[in-house]
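> Next comes the structure file target-v4.cif, holding mmCIF, C-alpha atoms.
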data_model
#
loop_
_atom_site.label_atom_id
_atom_site.label_comp_id
_atom_site.auth_asym_id
_atom_site.auth_seq_id
_atom_site.Cartn_x
_atom_site.Cartn_y
_atom_site.Cartn_z
CA MET A 888 2.10 -15.41 24.26
CA LYS A 889 1.82 -14.61 20.54
CA ILE A 890 3.11 -11.15 19.64
CA THR A 891 1.14 -9.56 16.83
CA PHE A 892 0.03 -6.20 15.48
CA LYS A 893 -3.22 -4.78 16.81
CA ARG A 894 -4.21 -3.85 13.26
CA ARG A 895 -3.33 -6.02 10.27
CA GLY A 896 -4.35 -5.73 6.67
CA VAL A 897 -4.13 -3.79 3.43
CA VAL A 898 -3.76 -0.19 2.34
CA GLU A 899 -5.04 0.12 -1.21
CA GLY A 900 -2.79 3.10 -1.80
CA PHE A 901 -1.19 2.66 -5.21
CA PHE A 902 -1.18 4.78 -8.38
CA GLY A 903 -2.86 3.02 -11.29
CA PRO A 904 -6.15 1.43 -12.37
CA LEU A 905 -8.57 0.94 -9.51
CA TRP A 906 -9.24 -2.53 -8.21
CA SER A 907 -12.74 -3.80 -8.95
CA MET A 908 -15.32 -3.91 -6.19
CA SER A 909 -15.69 -7.67 -6.71
CA HIS A 910 -11.97 -8.15 -6.15
CA ARG A 911 -11.99 -6.03 -3.00
CA LYS A 912 -14.78 -8.21 -1.61
CA ALA A 913 -12.82 -11.34 -2.52
CA LEU A 914 -9.77 -9.85 -0.82
CA PHE A 915 -11.79 -9.31 2.36
CA GLU A 916 -12.78 -12.99 2.41
CA PHE A 917 -9.22 -14.07 1.67
CA GLY A 918 -7.68 -11.71 4.23
CA ALA A 919 -10.18 -12.29 7.03
CA ALA A 920 -9.35 -16.01 6.94
CA ARG A 921 -5.70 -15.03 7.55
CA GLY A 922 -6.17 -12.52 10.36
CA MET A 923 -6.82 -9.33 8.38
CA ASN A 924 -8.84 -6.86 10.45
CA THR A 925 -8.16 -3.49 8.77
CA TYR A 926 -8.52 -2.08 5.24
CA LEU A 927 -7.55 1.46 4.29
CA TYR A 928 -9.28 2.74 1.18
CA ALA A 929 -6.86 5.20 -0.44
CA PRO A 930 -6.35 4.46 -4.17
CA LYS A 931 -4.49 7.43 -5.66
CA ASP A 932 -6.47 7.32 -8.91
CA ASP A 933 -9.90 7.48 -7.29
CA PRO A 934 -10.67 11.14 -8.10
CA TYR A 935 -12.97 11.50 -5.08
CA HIS A 936 -10.14 10.41 -2.81
CA ARG A 937 -7.47 12.80 -4.12
CA GLU A 938 -7.89 15.08 -7.15
CA ARG A 939 -11.53 15.93 -6.37
CA TRP A 940 -11.55 15.00 -2.70
CA THR A 941 -13.87 17.88 -1.75
CA GLU A 942 -16.69 16.42 -3.86
CA PRO A 943 -19.09 13.77 -2.54
CA TYR A 944 -19.22 10.42 -4.27
CA PRO A 945 -21.89 10.28 -6.99
CA ARG A 946 -24.91 8.19 -6.15
CA GLU A 947 -23.95 4.99 -7.99
CA LEU A 948 -20.34 5.03 -6.77
CA TRP A 949 -21.54 5.64 -3.22
CA LYS A 950 -23.89 2.66 -3.44
CA GLU A 951 -20.97 0.47 -4.47
CA LEU A 952 -18.78 1.82 -1.68
CA LEU A 953 -21.56 1.25 0.81
CA GLN A 954 -21.84 -2.38 -0.26
CA LEU A 955 -18.09 -2.74 0.19
CA ILE A 956 -18.29 -1.22 3.66
CA ARG A 957 -21.08 -3.64 4.58
CA GLN A 958 -18.97 -6.59 3.39
CA ALA A 959 -16.04 -5.42 5.52
CA GLN A 960 -18.27 -5.04 8.57
CA LYS A 961 -19.74 -8.48 8.01
CA LEU A 962 -16.23 -9.95 8.17
CA ARG A 963 -15.21 -7.75 11.13
CA ILE A 964 -12.74 -5.79 9.06
CA ASP A 965 -12.41 -2.15 10.04
CA PHE A 966 -12.97 -0.13 6.87
CA VAL A 967 -10.82 3.00 7.09
CA TYR A 968 -11.52 5.82 4.67
CA GLY A 969 -8.57 7.93 3.55
CA PHE A 970 -8.74 11.60 2.53
CA HIS A 971 -5.94 13.01 0.38
CA PRO A 972 -6.43 16.80 0.65
CA GLY A 973 -2.82 18.00 0.37
CA LYS A 974 -2.62 19.03 -3.29
CA GLY A 975 -3.06 22.81 -3.42
CA LEU A 976 -4.42 22.93 0.14
CA CYS A 977 -4.32 26.20 2.06
CA PHE A 978 -3.93 25.02 5.65
CA SER A 979 -5.02 28.43 6.98
CA ASP A 980 -8.42 28.20 5.28
CA GLU A 981 -11.18 26.88 7.56
CA LYS A 982 -13.46 25.76 4.72
CA PRO A 983 -11.53 22.55 3.78
CA VAL A 984 -11.87 21.30 7.35
CA ARG A 985 -15.64 21.76 7.21
CA THR A 986 -15.71 20.10 3.78
CA LEU A 987 -13.76 17.09 5.02
CA LEU A 988 -15.99 16.62 8.05
CA ALA A 989 -19.15 16.96 5.96
CA LYS A 990 -17.86 14.22 3.66
CA ALA A 991 -16.80 12.13 6.66
CA ARG A 992 -20.33 12.38 8.10
CA ARG A 993 -21.68 10.18 5.32
CA PHE A 994 -19.08 7.53 6.14
CA TYR A 995 -19.70 7.91 9.87
CA ASP A 996 -23.42 7.29 9.34
CA ALA A 997 -22.44 4.12 7.44
CA GLY A 998 -20.54 2.87 10.50
CA ILE A 999 -17.00 4.07 9.70
CA ARG A 1000 -15.08 4.98 12.84
CA THR A 1001 -11.52 5.38 11.55
CA PHE A 1002 -10.33 8.02 9.08
CA ALA A 1003 -6.91 8.76 7.61
CA VAL A 1004 -5.68 12.15 6.39
CA LEU A 1005 -2.90 11.59 3.88
CA PHE A 1006 -0.33 14.24 2.94
CA ASP A 1007 2.07 11.95 1.09
CA ASP A 1008 3.59 12.89 -2.26
CA ILE A 1009 3.01 16.66 -2.20
CA PRO A 1010 5.63 19.48 -2.24
CA SER A 1011 7.84 19.52 0.86
CA GLN A 1012 7.37 23.27 1.42
CA LEU A 1013 4.24 25.33 2.11
CA GLU A 1014 2.96 26.94 -1.09
CA SER A 1015 0.62 29.60 0.33
CA ASN A 1016 2.07 32.91 1.58
CA LEU A 1017 -0.58 32.94 4.29
CA ASP A 1018 0.44 29.46 5.40
CA ARG A 1019 4.13 30.38 5.44
CA LYS A 1020 3.26 33.28 7.74
CA ASN A 1021 0.82 31.43 10.02
CA PHE A 1022 2.91 28.27 10.40
CA ARG A 1023 6.36 29.89 10.33
CA LYS A 1024 7.24 28.18 7.05
CA SER A 1025 6.76 24.75 8.64
CA LEU A 1026 4.81 22.13 6.69
CA ALA A 1027 5.09 19.78 9.67
CA ARG A 1028 3.45 22.34 11.95
CA ALA A 1029 0.71 22.96 9.38
CA GLU A 1030 -0.11 19.27 9.00
CA GLY A 1031 -0.17 18.65 12.75
CA THR A 1032 -2.29 21.75 13.37
CA TRP A 1033 -4.73 20.72 10.63
CA LEU A 1034 -5.44 17.49 12.51
CA GLN A 1035 -6.00 19.59 15.63
CA LYS A 1036 -8.60 21.62 13.73
CA ILE A 1037 -10.34 18.49 12.50
CA GLN A 1038 -10.62 17.02 15.97
CA ALA A 1039 -11.76 20.33 17.46
CA SER A 1040 -14.41 20.78 14.76
CA GLN A 1041 -15.83 17.27 14.57
CA PRO A 1042 -19.37 16.74 15.92
CA GLY A 1043 -19.53 16.39 19.68
CA GLU A 1044 -21.13 12.95 19.49
CA TRP A 1045 -18.12 11.55 17.59
CA LYS A 1046 -16.46 10.18 20.71
CA ASP A 1047 -15.41 6.90 19.13
CA ILE A 1048 -13.50 8.27 16.13
CA GLU A 1049 -9.88 7.41 15.41
CA TRP A 1050 -7.80 9.69 13.17
CA TRP A 1051 -4.58 8.75 11.38
CA ILE A 1052 -2.10 10.84 9.43
CA CYS A 1053 0.41 10.11 6.68
CA PRO A 1054 2.86 13.02 6.86
CA SER A 1055 4.65 14.35 3.78
CA TYR A 1056 7.89 13.11 5.33
CA TYR A 1057 7.16 9.38 5.68
CA THR A 1058 10.62 7.86 5.28
CA VAL A 1059 14.25 8.88 5.70
CA ASP A 1060 14.85 7.80 2.09
CA PRO A 1061 16.67 10.65 0.20
CA LEU A 1062 14.47 9.83 -2.79
CA LEU A 1063 11.65 11.75 -1.13
CA ALA A 1064 13.59 15.02 -1.09
CA ARG A 1065 14.83 14.47 -4.65
CA VAL A 1066 11.25 14.18 -5.90
CA PHE A 1067 9.38 16.66 -3.68
CA GLY A 1068 12.10 19.02 -2.48
CA PRO A 1069 14.13 19.27 0.75
CA PHE A 1070 12.24 18.85 4.00
CA GLU A 1071 12.62 21.08 7.04
CA PRO A 1072 14.98 19.89 9.80
CA ASN A 1073 13.30 17.98 12.63
CA PHE A 1074 10.12 17.44 10.62
CA LEU A 1075 8.97 14.51 12.75
CA GLU A 1076 9.65 16.24 16.04
CA THR A 1077 7.72 19.33 14.93
CA LEU A 1078 4.85 17.23 13.60
CA GLY A 1079 4.65 15.31 16.86
CA LYS A 1080 4.54 18.54 18.87
CA TYR A 1081 1.41 19.80 17.08
CA LEU A 1082 -0.31 16.51 16.28
CA PRO A 1083 -3.10 15.55 18.73
CA ALA A 1084 -1.92 12.82 21.09
CA SER A 1085 -4.45 10.25 19.86
CA VAL A 1086 -3.48 10.51 16.17
CA ALA A 1087 -1.35 7.64 14.85
CA CYS A 1088 1.31 8.32 12.21
CA PHE A 1089 2.20 6.40 9.04
CA TRP A 1090 5.76 5.43 8.13
CA THR A 1091 7.16 3.28 5.29
CA GLY A 1092 10.47 2.30 6.88
CA PRO A 1093 14.03 3.33 5.98
CA SER A 1094 13.05 3.57 2.29
CA VAL A 1095 9.98 4.30 0.22
CA VAL A 1096 10.19 0.62 -0.73
CA SER A 1097 12.07 -0.92 2.19
CA LYS A 1098 14.15 -4.05 1.74
CA GLU A 1099 14.38 -4.49 5.50
CA ILE A 1100 12.61 -2.92 8.48
CA SER A 1101 14.14 -3.44 11.92
CA LEU A 1102 12.74 -2.94 15.40
CA SER A 1103 15.51 -0.47 16.22
CA HIS A 1104 14.58 1.65 13.20
CA VAL A 1105 10.89 1.96 14.06
CA GLN A 1106 11.68 2.55 17.74
CA LYS A 1107 13.89 5.48 16.74
CA ILE A 1108 11.14 6.93 14.55
CA ALA A 1109 8.50 6.41 17.26
CA ARG A 1110 10.67 8.35 19.71
CA ARG A 1111 11.13 11.18 17.23
CA VAL A 1112 7.45 11.63 16.40
CA GLY A 1113 6.12 10.69 19.84
CA HIS A 1114 3.00 8.99 18.45
CA ARG A 1115 1.81 5.48 17.66
CA LEU A 1116 3.25 4.23 14.38
CA LEU A 1117 1.33 2.74 11.47
CA LEU A 1118 3.53 0.85 9.04
CA TRP A 1119 2.60 1.42 5.39
CA ASP A 1120 4.66 -1.36 3.83
CA ASN A 1121 5.23 -0.83 0.11
CA TYR A 1122 5.38 -4.53 -0.66
CA PRO A 1123 4.31 -6.13 -2.98
CA VAL A 1124 3.16 -2.93 -4.75
CA ASN A 1125 4.42 -2.36 -8.31
CA ASP A 1126 3.18 1.05 -9.41
CA LEU A 1127 5.02 4.00 -10.99
CA SER A 1128 8.69 3.18 -11.65
CA MET A 1129 8.04 -0.45 -10.64
CA ARG A 1130 5.24 -1.05 -13.14
CA ASP A 1131 7.38 -3.44 -15.18
CA GLU A 1132 8.12 -5.50 -12.08
CA LEU A 1133 6.06 -8.34 -10.66
CA HIS A 1134 6.65 -9.14 -6.99
CA LEU A 1135 5.47 -12.73 -6.59
CA GLY A 1136 7.77 -13.81 -3.77
CA PRO A 1137 7.08 -13.89 -0.04
CA LEU A 1138 7.52 -10.94 2.29
CA LYS A 1139 11.06 -10.88 3.70
CA GLY A 1140 13.24 -8.66 5.84
CA ARG A 1141 10.64 -7.67 8.44
CA ASP A 1142 11.74 -7.91 12.05
CA PRO A 1143 9.58 -10.38 14.01
CA LYS A 1144 9.66 -7.90 16.92
CA LEU A 1145 8.09 -4.99 15.03
CA PRO A 1146 4.76 -5.24 16.93
CA ARG A 1147 6.59 -3.96 20.01
CA ALA A 1148 6.78 -0.51 18.39
CA VAL A 1149 4.20 -0.61 15.57
CA TYR A 1150 0.46 -0.30 16.10
CA ALA A 1151 -0.69 -1.29 12.59
CA TYR A 1152 0.88 -3.21 9.74
CA LEU A 1153 -0.72 -2.57 6.32
CA SER A 1154 0.57 -3.90 3.00
CA ASN A 1155 0.32 -1.92 -0.23
CA PRO A 1156 -0.54 -4.60 -2.83
CA LEU A 1157 0.10 -5.44 -6.47
CA LEU A 1158 -1.99 -3.75 -9.12
CA GLN A 1159 -2.76 -7.19 -10.57
CA GLU A 1160 -5.83 -8.36 -8.69
CA THR A 1161 -5.58 -12.16 -8.81
CA LEU A 1162 -1.79 -12.39 -8.65
CA SER A 1163 -1.79 -10.11 -5.60
CA PHE A 1164 -3.18 -12.95 -3.48
CA ILE A 1165 0.14 -14.81 -3.62
CA PRO A 1166 2.43 -12.27 -1.93
CA LEU A 1167 -0.38 -10.82 0.19
CA ALA A 1168 -0.98 -14.21 1.82
CA THR A 1169 2.59 -14.12 3.10
CA CYS A 1170 2.11 -10.56 4.37
CA PHE A 1171 -0.98 -11.68 6.26
CA ASP A 1172 0.89 -14.65 7.72
CA TYR A 1173 3.70 -12.39 8.89
CA ALA A 1174 1.32 -9.82 10.40
CA ALA A 1175 -0.70 -12.49 12.23
CA ASP A 1176 2.31 -14.19 13.82
CA PRO A 1177 5.64 -12.45 13.12
CA THR A 1178 7.59 -14.62 15.55
CA HIS A 1179 6.82 -17.88 13.77
CA TYR A 1180 6.54 -16.58 10.23
CA LYS A 1181 8.52 -18.61 7.67
CA PRO A 1182 8.54 -16.88 4.26
CA GLU A 1183 9.08 -19.91 2.03
CA SER A 1184 6.63 -22.13 3.89
CA SER A 1185 4.00 -19.41 3.74
CA TRP A 1186 4.59 -18.89 0.01
CA GLU A 1187 4.45 -22.58 -0.85
CA LYS A 1188 1.25 -22.97 1.14
CA VAL A 1189 -0.66 -20.26 -0.75
CA VAL A 1190 0.57 -21.50 -4.15
CA ARG A 1191 -0.56 -25.04 -3.33
CA GLU A 1192 -3.93 -23.78 -2.13
CA ARG A 1193 -4.61 -21.64 -5.19
CA PHE A 1194 -2.97 -23.62 -7.98
CA GLY A 1195 -2.35 -27.15 -6.70
CA LEU A 1196 0.78 -29.06 -5.71
CA ASP A 1197 1.67 -29.90 -9.31
CA ALA A 1198 1.92 -26.21 -10.19
CA LEU A 1199 4.42 -25.38 -7.45
CA SER A 1200 7.50 -25.90 -9.62
CA HIS A 1201 6.04 -23.66 -12.36
CA TRP A 1202 5.41 -20.83 -9.92
CA ARG A 1203 8.92 -21.18 -8.50
CA THR A 1204 10.24 -20.75 -12.04
CA LEU A 1205 8.00 -17.75 -12.77
CA ARG A 1206 8.93 -16.11 -9.48
CA SER A 1207 12.64 -16.72 -10.10
CA PHE A 1208 12.39 -15.26 -13.62
CA CYS A 1209 10.69 -12.10 -12.32
CA GLU A 1210 13.29 -11.70 -9.55
CA LYS A 1211 16.23 -12.23 -11.91
CA SER A 1212 14.76 -9.76 -14.42
CA GLN A 1213 14.31 -7.14 -11.71
CA ARG A 1214 17.86 -7.53 -10.44
CA ALA A 1215 19.25 -7.31 -13.95
CA LYS A 1216 17.23 -4.17 -14.67
CA LYS A 1217 18.34 -2.44 -11.48
CA ASN A 1218 21.98 -3.31 -12.13
CA SER A 1219 21.72 -2.42 -15.86
CA ARG A 1220 23.04 -5.85 -16.75
CA SER A 1221 21.98 -8.52 -19.18
CA LEU A 1222 19.86 -11.41 -17.97
CA ARG A 1223 21.99 -14.56 -18.02
CA LEU A 1224 20.23 -17.92 -17.93
CA THR A 1225 21.65 -21.41 -17.91
CA THR A 1226 20.42 -24.10 -20.27
CA GLY A 1227 18.61 -25.72 -17.35
CA GLU A 1228 16.89 -22.46 -16.44
CA ARG A 1229 15.76 -21.99 -20.04
CA GLN A 1230 14.28 -25.49 -20.08
CA LYS A 1231 12.32 -24.76 -16.88
CA LEU A 1232 11.15 -21.45 -18.33
CA LYS A 1233 9.83 -23.19 -21.42
CA ILE A 1234 7.81 -25.58 -19.25
CA ALA A 1235 6.49 -22.65 -17.16
CA TYR A 1236 5.63 -20.72 -20.31
CA ASP A 1237 3.61 -23.67 -21.60
CA TYR A 1238 1.85 -23.89 -18.22
CA VAL A 1239 0.76 -20.26 -18.42
CA GLN A 1240 -0.25 -20.67 -22.06
CA GLU A 1241 -2.36 -23.67 -21.14
CA HIS A 1242 -4.31 -21.53 -18.67
CA ARG A 1243 -4.36 -18.37 -20.81
CA SER A 1244 -8.14 -17.94 -20.48
CA LEU A 1245 -7.91 -17.57 -16.68
CA LYS A 1246 -7.62 -14.15 -15.10
CA TRP A 1247 -4.27 -14.76 -13.40
CA ALA A 1248 -2.75 -15.83 -16.74
CA ARG A 1249 -4.10 -12.72 -18.46
CA GLU A 1250 -2.50 -10.61 -15.71
CA LEU A 1251 0.77 -12.44 -16.34
CA ARG A 1252 0.69 -11.79 -20.08
CA PRO A 1253 3.22 -8.90 -20.20
CA TRP A 1254 5.76 -10.98 -18.28
CA GLN A 1255 4.91 -14.06 -20.33
CA GLN A 1256 5.75 -12.03 -23.44
CA LEU A 1257 9.02 -10.96 -21.84
CA LEU A 1258 9.72 -14.59 -21.03
CA GLN A 1259 8.92 -15.63 -24.59
CA ARG A 1260 11.32 -13.06 -26.01
CA GLU A 1261 14.04 -14.37 -23.74
CA LEU A 1262 13.38 -17.95 -24.84
CA ASN A 1263 13.45 -16.93 -28.49
CA SER A 1264 16.69 -15.03 -28.11
CA PRO A 1265 19.52 -16.92 -29.86
CA HIS A 1266 21.97 -15.71 -27.23
CA GLN A 1267 22.01 -14.40 -23.69
CA GLY A 1268 20.28 -11.15 -24.57
CA GLN A 1269 19.82 -8.07 -22.49
CA VAL A 1270 16.79 -7.55 -20.31
CA THR A 1271 14.04 -5.95 -22.33
CA ARG A 1272 12.94 -2.52 -21.09
CA HIS A 1273 9.39 -3.72 -21.03
CA GLN A 1274 6.50 -1.61 -19.81
CA PRO A 1275 3.55 -3.89 -19.01
#
Let me see whether you can do it: turn the structure in this file into structure tokens.


Amino acid sequence: MKITFKRRGVVEGFFGPLWSMSHRKALFEFGAARGMNTYLYAPKDDPYHRERWTEPYPRELWKELLQLIRQAQKLRIDFVYGFHPGKGLCFSDEKPVRTLLAKARRFYDAGIRTFAVLFDDIPSQLESNLDRKNFRKSLARAEGTWLQKIQASQPGEWKDIEWWICPSYYTVDPLLARVFGPFEPNFLETLGKYLPASVACFWTGPSVVSKEISLSHVQKIARRVGHRLLLWDNYPVNDLSMRDELHLGPLKGRDPKLPRAVYAYLSNPLLQETLSFIPLATCFDYAADPTHYKPESSWEKVVRERFGLDALSHWRTLRSFCEKSQRAKKNSRSLRLTTGERQKLKIAYDYVQEHRSLKWARELRPWQQLLQRELNSPHQGQVTRHQP
């Protein structure tokens, strides 16, 4: 029997320019053919998702969203809408709950039955004096209780609604505390105590951007929080500090047994629309059949399908260049290339240049320029601190 995740797909959850509606629709077609059945709409730079989440979508934007929802429904993809209310939120105030449910009503009437409440990337401590008093200085308790309030206040006829949460503490990575402040001890246990039993919880793995995710790790987290886990996998995303990186390779390091402890597997994609199809195809292949997933075979298949067999060697070279550049940057070392590698890079550069009018080549331009500078360097120069 094939072991797979109940929910498989994409979380559009990055910081940066929004994807176009046409690309999202193309992604649905692409993903549905590979087993995608879930899409979480949560782009950080959509103001009506985060900065101005209390405001309804203006008429024209709502019409576009509605068309996107219809496309997802047509392809049997569950469109999940994400709210990001955490910035400046007073958890003790009842009005934000009513505001959220009023906004959710419009989506419910459009057929949406799954919503996510996202508290990622906000301060790790309660900011309101009233909240500190009411929730005993516990952000975890406040977030869990807020989901209780939502469920208790939702319309009585909403019997088929599923709620998700992304807690502020979504990985054991110390980076989180360095950026947002130290978290309270036993955050997950406290969250799980107050979170309604039906609410599933997001997690990104042992790191914000996890190199590997094991079954034993997610089982440990599931025991701590006591709720179904949703895996928000930050691959192949390249926002924020990774904006000068391009993750073209296949998904690796994911335990084939993860579905035993994970309810949903959602990939956070590249900002580059067309190039994102390459790594995302491998994420879809893994999610659909983790046991039999073969990273390199999956990667070669999507490259052949999208660019042809003759282009495979060029994409191997481009992928290798991006990976070597990233390793050199992280290790603060110079990029060292052999004569043979430089020859392959020149051929790959010419290939991209030949297709420069196509969208994928335009998306590659910053890395093509980096490649060109490396080729023009008279010696083994250092990696350029390039910001695409």

> Which value, in Å to one decimal, gives the distance between CA of Thr1058 in chain A and CA of Phe978 in chain A?

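Separating CA of Thr1058 in chain A from CA of Phe978 in chain A is a distance of 22.5 Å.
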
> Run the PyMOL selection byres ((chain A and resi 1102-1109) around 10) against the file shown and list the residues it catches, as a PyMOL selection string.

chain A and resi 1058-1059+1075-1076+1079+1088+1090-1093+1099-1101+1110-1118+1141-1149

> Include C-alpha atoms and write out the residues we just selected as a PDB file, in the frame of the given file.


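Output saved as selection-v4.pdb:
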ATOM      1  CA  THR A1058      10.620   7.860   5.280  1.00  0.00           C
ATOM      2  CA  VAL A1059      14.250   8.880   5.700  1.00  0.00           C
ATOM      3  CA  LEU A1075       8.970  14.510  12.750  1.00  0.00           C
ATOM      4  CA  GLU A1076       9.650  16.240  16.040  1.00  0.00           C
ATOM      5  CA  GLY A1079       4.650  15.310  16.860  1.00  0.00           C
ATOM      6  CA  CYS A1088       1.310   8.320  12.210  1.00  0.00           C
ATOM      7  CA  TRP A1090       5.760   5.430   8.130  1.00  0.00           C
ATOM      8  CA  THR A1091       7.160   3.280   5.290  1.00  0.00           C
ATOM      9  CA  GLY A1092      10.470   2.300   6.880  1.00  0.00           C
ATOM     10  CA  PRO A1093      14.030   3.330   5.980  1.00  0.00           C
ATOM     11  CA  GLU A1099      14.380  -4.490   5.500  1.00  0.00           C
ATOM     12  CA  ILE A1100      12.610  -2.920   8.480  1.00  0.00           C
ATOM     13  CA  SER A1101      14.140  -3.440  11.920  1.00  0.00           C
ATOM     14  CA  ARG A1110      10.670   8.350  19.710  1.00  0.00           C
ATOM     15  CA  ARG A1111      11.130  11.180  17.230  1.00  0.00           C
ATOM     16  CA  VAL A1112       7.450  11.630  16.400  1.00  0.00           C
ATOM     17  CA  GLY A1113       6.120  10.690  19.840  1.00  0.00           C
ATOM     18  CA  HIS A1114       3.000   8.990  18.450  1.00  0.00           C
ATOM     19  CA  ARG A1115       1.810   5.480  17.660  1.00  0.00           C
ATOM     20  CA  LEU A1116       3.250   4.230  14.380  1.00  0.00           C
ATOM     21  CA  LEU A1117       1.330   2.740  11.470  1.00  0.00           C
ATOM     22  CA  LEU A1118       3.530   0.850   9.040  1.00  0.00           C
ATOM     23  CA  ARG A1141      10.640  -7.670   8.440  1.00  0.00           C
ATOM     24  CA  ASP A1142      11.740  -7.910  12.050  1.00  0.00           C
ATOM     25  CA  PRO A1143       9.580 -10.380  14.010  1.00  0.00           C
ATOM     26  CA  LYS A1144       9.660  -7.900  16.920  1.00  0.00           C
ATOM     27  CA  LEU A1145       8.090  -4.990  15.030  1.00  0.00           C
ATOM     28  CA  PRO A1146       4.760  -5.240  16.930  1.00  0.00           C
ATOM     29  CA  ARG A1147       6.590  -3.960  20.010  1.00  0.00           C
ATOM     30  CA  ALA A1148       6.780  -0.510  18.390  1.00  0.00           C
ATOM     31  CA  VAL A1149       4.200  -0.610  15.570  1.00  0.00           C
TER      32      VAL A1149
END

> In terms of the shortest atom-to-atom distance over only C-alpha atoms, which of A:Lys889, A:His1242, A:Arg1252, A:His1134 is closest to Asn1155 in chain A?

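Of the candidates, the smallest distance to Asn1155 in chain A is held by A:His1134.
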
> For range 1244-1250 of chain A, take all atoms listed in the file, fit an axis-aligned box around them, add 5 Å to each of the six sides, then output centre and edge lengths in Å rounded to one decimal, as lines of an AutoDock Vina configuration file.


center_x = -5.3
center_y = -14.3
center_z = -16.9
size_x = 15.6
size_y = 17.3
size_z = 17.1

> Which polymer residues have any atom within 9 Å of an atom of range 900-907 of chain A, counting all atoms listed in the file, with same-chain residues fewer than 6 positions away left out, as number ranges by chain?

A: 927-933, 1124-1127, 1155-1160

> For the file shown, what are the residues hit by the PyMOL selection byres ((chain A and resi 1052) around 9), laid out as a compact mmCIF listing (two decimals) with C-alpha atoms, in the coordinates of the input?


# COMPACT_ATOMS: atom_id res chain seq x y z
CA PHE A 1002 -10.33 8.02 9.08
CA ALA A 1003 -6.91 8.76 7.61
CA VAL A 1004 -5.68 12.15 6.39
CA LEU A 1005 -2.90 11.59 3.88
CA PHE A 1006 -0.33 14.24 2.94
CA GLU A 1030 -0.11 19.27 9.00
CA GLY A 1031 -0.17 18.65 12.75
CA LEU A 1034 -5.44 17.49 12.51
CA TRP A 1050 -7.80 9.69 13.17
CA TRP A 1051 -4.58 8.75 11.38
CA CYS A 1053 0.41 10.11 6.68
CA PRO A 1054 2.86 13.02 6.86
CA VAL A 1086 -3.48 10.51 16.17
CA ALA A 1087 -1.35 7.64 14.85
CA CYS A 1088 1.31 8.32 12.21
CA PHE A 1089 2.20 6.40 9.04

> Interatomic distance between CA of Asp965 in chain A and CA of Thr925 in chain A?

4.6 Å

> In Å, how far is it from CA of Leu1135 in chain A to CA of Asp1237 in chain A?

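Separation of CA of Leu1135 in chain A and CA of Asp1237 in chain A: 18.7 Å.
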
> Dig up all the protein and nucleic acid residues within 12 Å of (17.1, -23.7, -14.0) in the file frame, using only C-alpha atoms, and format them as a list in words.

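Collected hits near the coordinates: Ser1200, His1201, Arg1203, Thr1204, Leu1205, Ser1207, Phe1208, Lys1211, Arg1223, Leu1224, Thr1225, Thr1226, Gly1227, Glu1228, Arg1229, Gln1230, Lys1231, Leu1232, Lys1233, Ile1234 and Ala1235 of chain A.
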
> List, as a ChimeraX atom specification, every residue that the PyMOL selection byres ((chain A and resi 1171) around 8) selects in the file provided.

/A:895-896,918,921-923,1167-1170,1172-1175

> Env of range 1068-1073 of chain A: 8 Å cut, atoms = all atoms listed in the file, seq-sep filter 2 positions within chain, self excluded. Answer as a count of residues only.

13

> Could you check which residues have any atom within 10 Å of (-11.1, 12.4, 1.9), counting all atoms listed in the file with coordinates taken straight from the file, and then list them as a list in words?

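Every polymer residue passing the test: Tyr928, Ala929, Tyr935, His936, Arg937, Glu938, Arg939, Trp940, Thr941, Glu942, Pro943, Tyr968, Gly969, Phe970, His971, Pro972, Thr986, Leu987, Leu988, Lys990, Ala991, Phe1002, Ala1003, Val1004 and Leu1005 of chain A.
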
> Kindly save the residues from that selection, with C-alpha atoms included, as a compact mmCIF listing (two decimals), keeping the file's coordinate frame.


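Generated file (part.txt):
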# COMPACT_ATOMS: atom_id res chain seq x y z
CA TYR A 928 -9.28 2.74 1.18
CA ALA A 929 -6.86 5.20 -0.44
CA TYR A 935 -12.97 11.50 -5.08
CA HIS A 936 -10.14 10.41 -2.81
CA ARG A 937 -7.47 12.80 -4.12
CA GLU A 938 -7.89 15.08 -7.15
CA ARG A 939 -11.53 15.93 -6.37
CA TRP A 940 -11.55 15.00 -2.70
CA THR A 941 -13.87 17.88 -1.75
CA GLU A 942 -16.69 16.42 -3.86
CA PRO A 943 -19.09 13.77 -2.54
CA TYR A 968 -11.52 5.82 4.67
CA GLY A 969 -8.57 7.93 3.55
CA PHE A 970 -8.74 11.60 2.53
CA HIS A 971 -5.94 13.01 0.38
CA PRO A 972 -6.43 16.80 0.65
CA THR A 986 -15.71 20.10 3.78
CA LEU A 987 -13.76 17.09 5.02
CA LEU A 988 -15.99 16.62 8.05
CA LYS A 990 -17.86 14.22 3.66
CA ALA A 991 -16.80 12.13 6.66
CA PHE A 1002 -10.33 8.02 9.08
CA ALA A 1003 -6.91 8.76 7.61
CA VAL A 1004 -5.68 12.15 6.39
CA LEU A 1005 -2.90 11.59 3.88

> Select, from A:Glu951, A:Glu1192, A:Glu1241, A:Glu1049, the residue with the minimum atom-to-atom distance to Pro1083 in chain A, counting all atoms listed in the file.

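When distances to Pro1083 in chain A are compared using all atoms listed in the file, the smallest one comes from A:Glu1049.
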